Amino acid sequence: MTVLGWSRPVGRSQAGFTLLELLVVLAMLALVYAVAIPTRPAAWRGGDVAGAARTLAQDLRAARATAIAQRREVAVAVDPVALTYRVDRIETALPARDVETLTVSLAPGERTVRFLPDGSASGASLTLRHGDAATTVNVDWLTGRVEVAR
C-alpha cells in the first residue's frame, strides 16, 4: 500500500517497544537508583559546611557592595548561639543540618562586622564547623575583601 510516496509491506508490524521491554528497562533503572542513593553526596545528607560558608560570604560581599553603592555604613550582626546573622533588618539562619557551631572573632571593641562607604571593614573571622569539617570566612579590615578559607 502506498500513501504519498511511502510504502509499508503488508503483514509487517510497526517498529516500537513491547510492554515487556519497557518493564525490563524500568526495573534496571530502579536497580541503579537503589544502588546510587546510599552513595549520595554529603550535601544531600547535611554537613555541607563549605556551602553554608559560601552563602555567608556572598551575603557579606553584598553588604559591602551596598555600603559602597549607597555611601553608608552597613553592619552585619552575627549571633553564634542562634546560628544567625542580620544585615540591616534581614535575618538569615545558617542551616542547622550543615553548621553545628559558629565561632566569631571581631576586631577589639566591635559587636558587628561593619562595612564602610570607602570599601573597608571592621574586620572579622567567622569559622563554621560541622563534625570534623571547618570553613572560615575572613573579612579583611583594610580592603573589606571577603574570602572563604578551608
# chains A, B, ... in the order shown; residues from 1 in each chain; ligands from 1

$ residues_around --residues "Leu102 in chain A" --least-positions-apart "3" --cutoff "8 Å" --atoms "only C-alpha atoms" --output "PyMOL selection string"
chain A and resi 80-81+83+99+126-129

$ write_last_selection --atoms "C-alpha atoms" --output "mmCIF file, in the first residue's frame"
data_model
loop_
_atom_site.group_PDB
_atom_site.id
_atom_site.type_symbol
_atom_site.label_atom_id
_atom_site.label_comp_id
_atom_site.auth_asym_id
_atom_site.auth_seq_id
_atom_site.Cartn_x
_atom_site.Cartn_y
_atom_site.Cartn_z
ATOM 1 C CA PRO A 80 26.852 32.467 67.143
ATOM 2 C CA VAL A 81 24.415 30.902 69.626
ATOM 3 C CA LEU A 83 23.479 30.467 64.211
ATOM 4 C CA VAL A 99 26.543 24.019 60.663
ATOM 5 C CA LEU A 126 33.881 33.575 61.202
ATOM 6 C CA THR A 127 34.509 29.822 61.494
ATOM 7 C CA LEU A 128 31.705 27.395 60.673
ATOM 8 C CA ARG A 129 32.022 23.779 61.862
#

$ residues_around --residues "Val78 in chain A" --least-positions-apart "4" --cutoff "12 Å" --atoms "only C-alpha atoms" --output "PyMOL selection string"
chain A and resi 56+60+82-88+90-94+102-106+110-114+124-127

$ write_last_selection --atoms "N, CA, C and O atoms" --output "mmCIF file, in the first residue's frame"
data_model
loop_
_atom_site.group_PDB
_atom_site.id
_atom_site.type_symbol
_atom_site.label_atom_id
_atom_site.label_comp_id
_atom_site.auth_asym_id
_atom_site.auth_seq_id
_atom_site.Cartn_x
_atom_site.Cartn_y
_atom_site.Cartn_z
ATOM 1 N N LEU A 56 27.237 32.614 53.353
ATOM 2 C CA LEU A 56 27.548 33.697 54.293
ATOM 3 C C LEU A 56 28.485 34.709 53.639
ATOM 4 O O LEU A 56 28.269 35.922 53.730
ATOM 5 N N LEU A 60 27.938 38.720 52.920
ATOM 6 C CA LEU A 60 28.875 39.736 53.398
ATOM 7 C C LEU A 60 29.365 40.603 52.240
ATOM 8 O O LEU A 60 29.487 41.827 52.377
ATOM 9 N N ALA A 82 22.528 31.389 68.165
ATOM 10 C CA ALA A 82 21.355 31.073 67.356
ATOM 11 C C ALA A 82 21.715 30.662 65.931
ATOM 12 O O ALA A 82 20.843 30.281 65.150
ATOM 13 N N LEU A 83 23.005 30.760 65.569
ATOM 14 C CA LEU A 83 23.479 30.467 64.211
ATOM 15 C C LEU A 83 22.755 31.324 63.174
ATOM 16 O O LEU A 83 22.278 30.836 62.152
ATOM 17 N N THR A 84 22.668 32.626 63.461
ATOM 18 C CA THR A 84 22.025 33.563 62.553
ATOM 19 C C THR A 84 22.921 34.768 62.330
ATOM 20 O O THR A 84 23.850 35.031 63.103
ATOM 21 N N TYR A 85 22.634 35.514 61.274
ATOM 22 C CA TYR A 85 23.266 36.812 61.047
ATOM 23 C C TYR A 85 22.233 37.736 60.439
ATOM 24 O O TYR A 85 21.296 37.303 59.784
ATOM 25 N N ARG A 86 22.394 39.030 60.708
ATOM 26 C CA ARG A 86 21.417 40.025 60.273
ATOM 27 C C ARG A 86 22.124 41.139 59.534
ATOM 28 O O ARG A 86 23.063 41.744 60.046
ATOM 29 N N VAL A 87 21.658 41.414 58.314
ATOM 30 C CA VAL A 87 22.147 42.530 57.515
ATOM 31 C C VAL A 87 21.002 43.523 57.429
ATOM 32 O O VAL A 87 19.937 43.190 56.917
ATOM 33 N N ASP A 88 21.227 44.734 57.941
ATOM 34 C CA ASP A 88 20.160 45.724 58.091
ATOM 35 C C ASP A 88 19.036 45.068 58.895
ATOM 36 O O ASP A 88 19.231 44.688 60.016
ATOM 37 N N ILE A 90 17.274 42.300 57.753
ATOM 38 C CA ILE A 90 17.012 40.966 57.215
ATOM 39 C C ILE A 90 17.881 39.944 57.949
ATOM 40 O O ILE A 90 19.104 39.997 57.889
ATOM 41 N N GLU A 91 17.208 39.016 58.641
ATOM 42 C CA GLU A 91 17.928 37.998 59.404
ATOM 43 C C GLU A 91 17.941 36.687 58.630
ATOM 44 O O GLU A 91 16.930 36.272 58.069
ATOM 45 N N THR A 92 19.103 36.045 58.608
ATOM 46 C CA THR A 92 19.277 34.783 57.908
ATOM 47 C C THR A 92 19.816 33.748 58.872
ATOM 48 O O THR A 92 20.754 34.026 59.628
ATOM 49 N N ALA A 93 19.226 32.566 58.849
ATOM 50 C CA ALA A 93 19.689 31.473 59.708
ATOM 51 C C ALA A 93 20.586 30.548 58.899
ATOM 52 O O ALA A 93 20.270 30.203 57.756
ATOM 53 N N LEU A 94 21.709 30.175 59.489
ATOM 54 C CA LEU A 94 22.555 29.171 58.866
ATOM 55 C C LEU A 94 21.861 27.823 59.013
ATOM 56 O O LEU A 94 21.277 27.537 60.058
ATOM 57 N N LEU A 102 29.366 28.009 65.325
ATOM 58 C CA LEU A 102 29.858 29.202 64.645
ATOM 59 C C LEU A 102 30.702 29.978 65.637
ATOM 60 O O LEU A 102 30.226 30.351 66.705
ATOM 61 N N THR A 103 31.957 30.194 65.291
ATOM 62 C CA THR A 103 32.866 30.962 66.131
ATOM 63 C C THR A 103 33.139 32.294 65.448
ATOM 64 O O THR A 103 33.513 32.326 64.271
ATOM 65 N N VAL A 104 32.954 33.376 66.183
ATOM 66 C CA VAL A 104 33.109 34.712 65.610
ATOM 67 C C VAL A 104 34.242 35.431 66.316
ATOM 68 O O VAL A 104 34.283 35.500 67.543
ATOM 69 N N SER A 105 35.157 35.968 65.533
ATOM 70 C CA SER A 105 36.251 36.775 66.061
ATOM 71 C C SER A 105 36.181 38.151 65.399
ATOM 72 O O SER A 105 36.392 38.279 64.194
ATOM 73 N N LEU A 106 35.850 39.161 66.205
ATOM 74 C CA LEU A 106 35.716 40.521 65.688
ATOM 75 C C LEU A 106 36.877 41.382 66.156
ATOM 76 O O LEU A 106 37.613 41.011 67.077
ATOM 77 N N GLU A 110 34.391 45.786 68.807
ATOM 78 C CA GLU A 110 33.308 45.683 67.820
ATOM 79 C C GLU A 110 32.279 44.647 68.253
ATOM 80 O O GLU A 110 32.617 43.646 68.866
ATOM 81 N N ARG A 111 31.029 44.908 67.913
ATOM 82 C CA ARG A 111 29.954 43.955 68.178
ATOM 83 C C ARG A 111 29.349 43.432 66.881
ATOM 84 O O ARG A 111 28.567 42.502 66.890
ATOM 85 N N THR A 112 29.699 44.067 65.776
ATOM 86 C CA THR A 112 29.201 43.687 64.457
ATOM 87 C C THR A 112 30.353 43.746 63.452
ATOM 88 O O THR A 112 31.409 44.308 63.733
ATOM 89 N N VAL A 113 30.116 43.178 62.277
ATOM 90 C CA VAL A 113 31.043 43.357 61.156
ATOM 91 C C VAL A 113 30.532 44.575 60.404
ATOM 92 O O VAL A 113 29.406 44.576 59.913
ATOM 93 N N ARG A 114 31.343 45.631 60.381
ATOM 94 C CA ARG A 114 30.909 46.874 59.748
ATOM 95 C C ARG A 114 31.626 47.074 58.419
ATOM 96 O O ARG A 114 32.841 46.899 58.339
ATOM 97 N N ALA A 124 36.904 40.722 60.458
ATOM 98 C CA ALA A 124 36.290 39.631 61.210
ATOM 99 C C ALA A 124 36.789 38.298 60.680
ATOM 100 O O ALA A 124 37.315 38.203 59.567
ATOM 101 N N SER A 125 36.621 37.293 61.512
ATOM 102 C CA SER A 125 36.886 35.913 61.126
ATOM 103 C C SER A 125 35.744 35.075 61.678
ATOM 104 O O SER A 125 35.500 35.070 62.882
ATOM 105 N N LEU A 126 35.030 34.388 60.798
ATOM 106 C CA LEU A 126 33.881 33.575 61.202
ATOM 107 C C LEU A 126 34.157 32.129 60.794
ATOM 108 O O LEU A 126 34.331 31.846 59.616
ATOM 109 N N THR A 127 34.208 31.225 61.764
ATOM 110 C CA THR A 127 34.509 29.822 61.494
ATOM 111 C C THR A 127 33.256 28.979 61.696
ATOM 112 O O THR A 127 32.674 28.975 62.778
#

$ closest_residue --among "A:Arg64, A:Ala30, A:Arg89, A:Gly109" --to "Asp140 in chain A" --atoms "only C-alpha atoms"
A:Arg64

$ select_by_dssp --residues "chain A" --states "alpha helix (DSSP H)" --output "ChimeraX atom specification"
/A:19-36,42-45,49-70

$ closest_residue --among "A:Val49, A:Val74, A:Ala63, A:Ala34" --to "Gly131 in chain A" --atoms "only C-alpha atoms"
A:Val49

$ atom_distance --atom1 "CA of Phe115 in chain A" --atom2 "CA of Val76 in chain A"
8.2 Å

$ closest_residue --among "A:Ala50, A:Ala65, A:Gln70, A:Ala96" --to "Gly144 in chain A" --atoms "only C-alpha atoms"
A:Ala65

$ closest_residue --among "A:Phe17, A:Trp141, A:Gly51, A:Val146" --to "Pro95 in chain A" --atoms "only C-alpha atoms"
A:Gly51

$ select_by_dssp --residues "chain A" --states "strand (DSSP E)" --output "MDAnalysis selection string"
chainID A and resid 2:3 6:7 74:79 84:87 90:93 101:106 113:115 124:130 133:139 146:149

$ closest_residue --among "A:Ala62, A:Ala69, A:Ala57, A:Val32" --to "Ala149 in chain A" --atoms "only C-alpha atoms"
A:Ala57

$ closest_residue --among "A:Ile37, A:Ala75, A:Met28, A:Leu20" --to "Leu116 in chain A" --atoms "only C-alpha atoms"
A:Ala75
